[in-house]
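Below is one structure; the comments refer to it alone.
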Amino acid sequence: MISEKLAQKVRKHVVEMTSRGNSSHVGSALSITDLLAVLYGKILCFDPGNPKWEKRDRFLLSKGHAGAAVYAILAEVGFFSTEILQTHYQNGSILSGHVSHKDVPGVEFSTGSLGHALSVGVGMAYNAKLKGENHRVFVLMSDGECGEGSNWEAILFASHHCLDNLVVIIDYNKIQSMGRVEDILKLEPFAEKLLAFGWETVEIDGHNHEEIYVACDNIPKTAKKPTCIIANTVKGKGVSFMENTVLWHYRSPQKEDFINAIQELEVAIL
Amino acid sequence: MKKIFAQTLFKLAKDNPSIFLITADLGFGVLGDFADFLPKQFLNVGVAEQNMMGIATGLALEGKIVFTYSIANFPTLRCLEQIRNDACYHNANVKIVSIGAGFSYGAAGISHHATEDLAIMRVLPMTLLAPGSFWEVEQAVLALVKQPGACYLRLDNSYAEDLNKNGDSFLIGKARRVVDGDDLTIVAIGGVLGVAIKAAVKLLEEGIKCRVVSMHTLNPLDKHEIFAAAKNTGGIITVEEHRVQGGLGGVVAEVCLESGVIPHFFYRIGLREDFSSKVGNQDYLRGYYNISERHIIQKARELLLK
């Protein structure tokens, strides 16, 4: 399956899941679907039949509130049935709103509180270096969560210890919980900050599959340096009325909104 | 205690490459051998406790037995959410070690007094050990290496003399009766066990026979030892260098009340003020805040008269 088509299928799942579960964060999940589709479609090594395969690449979602998108891609690539997605956020489900590994094959790490996964990914990458293993560690973060100081502890550590098997992808959709990142706690000059911290830094269009592929392929970009991919994205990408708005950080697509969103996505899948 | 810990872990780690030690830039003069001779099993992450806890979890999820090391509240409260969400929820094999229990750091001030950690850490689903003597420290480290999942090891600057009987064994979750007696039971945790034993010796001179229990494991609690104390001795006094809320005394109260095994009397010796803001060494602060031999003796006399 081409990754664009995979991304659209994930988008449709995400809208259905957040509608059925009456849950928030549809916009946050839609903004990472292209990144996930390229990662799981073309980049990451994994085995759905053996989720704990030692040589797998590790993927950690740090912005756990976009868990719906991860569950959807894991189901699409075969870790579990897509039917389970219908239970998302509902009583008795294994799929909580913020991503959880309990009983969910393929989820590497549970998150939900921001600023946690990068340090854990750093530990995994450090271990791979110690043992001379070749797998890589990818951590997908949000822009807003860069406000958490713990991330900068990990960023310092990763470059000091030359963890060139570590890739951070930042979903830079420019909108955080209460408004625009530049108004609340600006990150710019963002790439320069990461460069100054000793990271190889790449800026891409986070919806352009070719650019995502090129950025994620051939890691490390520079020997002995961790890589940060700043992916410029659009919150709510793929559903016109959800794009680039704070409202859809919270609102669940219901009734007409749901119908319109699904129509747009089905046209795109065709 | 910190030296016993470091020596014991170093010996174990030489034969077990899975053992890994991380410090957040503390342990000068204590962790030297480990750092020098086992560099592939040692990491100083710098002054960054949250990152230390996340890295520890990552290493543990990849198969290592990870010890994190720092002082007072830094390896616990500073990164509490990482302990909860990362280590505990993922059942990661991380052993958190804090040196400087209670007033160990004395005149260093309240930032360095660990007086809430037992209460806070014990509500997390993790093993919690606070040994009272050098022998208990050594045994605790041996036991922790084999104990799966997240654990907390609270180490004190002070310690009780070892009162070992032949064939004594250390089991996680099994309290040690270090002094026999049935007039009352003093249950102590950590280095302040030494104070409890001294008080018991003095009380014996007055004809009061105290049982002294080292509750080196707070989680899981040895309920049977508590019930035995409640049923078979005159009452229970708990002793901890910690606030009285939620720690050893709190746990004992919970299990007694819920089970209906109520001691004839019960008193918690511990910090009853908000913060230990006085300046002085560990002994001075114990005296000032009534966590002392004198105070235990006085309370024992009072309670036995009732």
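Naming works like this for the structure tokens: A, B, ... for the chains as they're shown, residue 1 at the start of each chain, ligands 1 onward in shown order.
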Cut-off 8 Å: closest chain A/chain B atom pairs per residue, using only C-alpha atoms, as a tab-separated table:
residue	atom	partner	partner_atom	distance
A:Phe109	CA	B:His90	CA	7.8
A:Ser110	CA	B:Asp86	CA	7.7
A:Thr111	CA	B:Asn85	CA	7.6
A:His116	CA	B:Gly54	CA	6.8
A:Ala117	CA	B:Gly54	CA	7.4
A:Leu118	CA	B:Gly54	CA	7.8
A:Ser119	CA	B:Gly54	CA	4.6
A:Val120	CA	B:Gly58	CA	4.3
A:Gly121	CA	B:Gly58	CA	6.2
A:Val122	CA	B:Ile55	CA	6.0
A:Gly123	CA	B:Ile55	CA	3.9
A:Met124	CA	B:Gly58	CA	4.8
A:Tyr126	CA	B:Leu59	CA	7.7
A:Asn127	CA	B:Leu59	CA	6.0
A:Leu130	CA	B:Lys40	CA	7.3
A:Ser150	CA	B:Gln50	CA	5.9
A:Asn151	CA	B:Asn51	CA	7.9
A:Glu153	CA	B:Asn51	CA	5.9
A:Ala154	CA	B:Asn51	CA	5.8
A:Phe157	CA	B:Val45	CA	7.0
Which neighbours of Ala119 in chain B fall inside 10 Å, counting only C-alpha atoms, when residues of the same chain fewer than 3 positions from it are skipped, and could you give them as a ChimeraX atom specification?
-> /B:115-116,122-124,218,242-251
To one decimal place, how far is CA of Asn50 in chain A from CA of Phe80 in chain A in Å?
->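 Calculated distance between CA of Asn50 in chain A and CA of Phe80 in chain A is 11.7 Å.
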Name the residues of range 5-230 of chain A that fall into strand (DSSP E) according to DSSP on the backbone, using the chain letters and numbers of this document, as a PyMOL selection string.
-> chain A and resi 58-61+137-142+166-172+175-176+179-180+200-205+227-230
Which of range 29-212 of chain A DSSP labels alpha helix (DSSP H), written as number ranges by chain = A: 29-30, 33-38, 67-76, 117-131, 149-160, 181-184, 190-196, 209-212
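Residues in contact range of Tyr152 in chain B, defined as at most 6 Å between only C-alpha atoms, with sequence neighbours fewer than 4 positions away removed, read Lys95, Ile96 and Leu128 of chain B.
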Would you save the residues from that selection as a PDB file, in the first residue's frame, using N, CA and C atoms?
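In the end it all went to out.pdb:
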ATOM      1  N   LYS B  95      15.588   0.280  40.486  1.00  0.00           N
ATOM      2  CA  LYS B  95      15.729   0.350  41.939  1.00  0.00           C
ATOM      3  C   LYS B  95      16.197   1.751  42.295  1.00  0.00           C
ATOM      4  N   ILE B  96      15.326   2.515  42.906  1.00  0.00           N
ATOM      5  CA  ILE B  96      15.645   3.901  43.242  1.00  0.00           C
ATOM      6  C   ILE B  96      16.315   3.917  44.610  1.00  0.00           C
ATOM      7  N   LEU B 128       9.268  -1.263  48.886  1.00  0.00           N
ATOM      8  CA  LEU B 128       9.922  -0.151  49.579  1.00  0.00           C
ATOM      9  C   LEU B 128      10.722  -0.692  50.762  1.00  0.00           C
TER      10      LEU B 128
END
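In terms of minimum interatomic distance to Thr68 in chain B, B:Leu9 ranks closest within B:Ile226, B:Ile110, B:Leu9, B:Phe103, counting only C-alpha atoms.
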Tell me which protein, DNA and RNA residues are within 8 Å of range 258-261 of chain B, counting only C-alpha atoms, leaving out same-chain ones fewer than 5 positions away, and put them as a count of residues only.
-> 3
Residues at most 12 Å from Val195 in chain B, counting only C-alpha atoms, excluding those fewer than 3 positions away in the same chain, as a VMD selection string?
-> chain B and resid 132 to 133 158 to 161 186 to 192 198 to 202 212 214 238 to 241 269 282 to 283 286 to 287 290 to 297
Residues just named, written with C-alpha atoms as a short mmCIF file (atom, residue, chain, number, x, y, z; two decimals), in the first residue's frame:
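Listing of part-v3.cif after writing:
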data_model
loop_
_atom_site.label_atom_id
_atom_site.label_comp_id
_atom_site.auth_asym_id
_atom_site.auth_seq_id
_atom_site.Cartn_x
_atom_site.Cartn_y
_atom_site.Cartn_z
CA GLY B 132 18.17 -0.18 59.86
CA SER B 133 21.64 -1.70 60.13
CA SER B 158 22.80 6.64 61.03
CA TYR B 159 22.39 2.96 61.74
CA ALA B 160 21.60 0.46 64.46
CA GLU B 161 24.20 -1.94 65.72
CA ILE B 186 8.47 -0.47 69.33
CA VAL B 187 8.28 -0.74 65.56
CA ALA B 188 11.03 1.25 63.86
CA ILE B 189 12.09 1.85 60.27
CA GLY B 190 15.53 2.82 58.98
CA GLY B 191 18.55 4.06 60.90
CA VAL B 192 16.43 5.35 63.76
CA LYS B 198 18.75 2.06 72.95
CA ALA B 199 15.42 3.16 74.39
CA ALA B 200 14.43 -0.48 74.86
CA VAL B 201 17.67 -1.19 76.72
CA LYS B 202 17.04 1.74 79.08
CA VAL B 212 11.71 -4.02 69.06
CA SER B 214 12.83 -3.59 62.47
CA THR B 238 6.06 3.40 65.85
CA VAL B 239 9.31 5.29 65.30
CA GLU B 240 10.30 6.91 62.02
CA GLU B 241 12.45 9.85 60.99
CA ILE B 269 6.84 8.99 66.97
CA GLN B 282 20.94 14.44 62.92
CA ASP B 283 21.10 13.77 66.66
CA ARG B 286 16.05 14.10 66.53
CA GLY B 287 16.18 15.59 70.00
CA ASN B 290 11.06 14.42 69.62
CA ILE B 291 12.32 11.46 67.64
CA SER B 292 14.75 10.53 70.37
CA GLU B 293 15.55 7.89 72.94
CA ARG B 294 14.32 10.22 75.67
CA HIS B 295 11.00 10.77 73.93
CA ILE B 296 10.44 7.06 73.25
CA ILE B 297 11.10 6.28 76.94
#
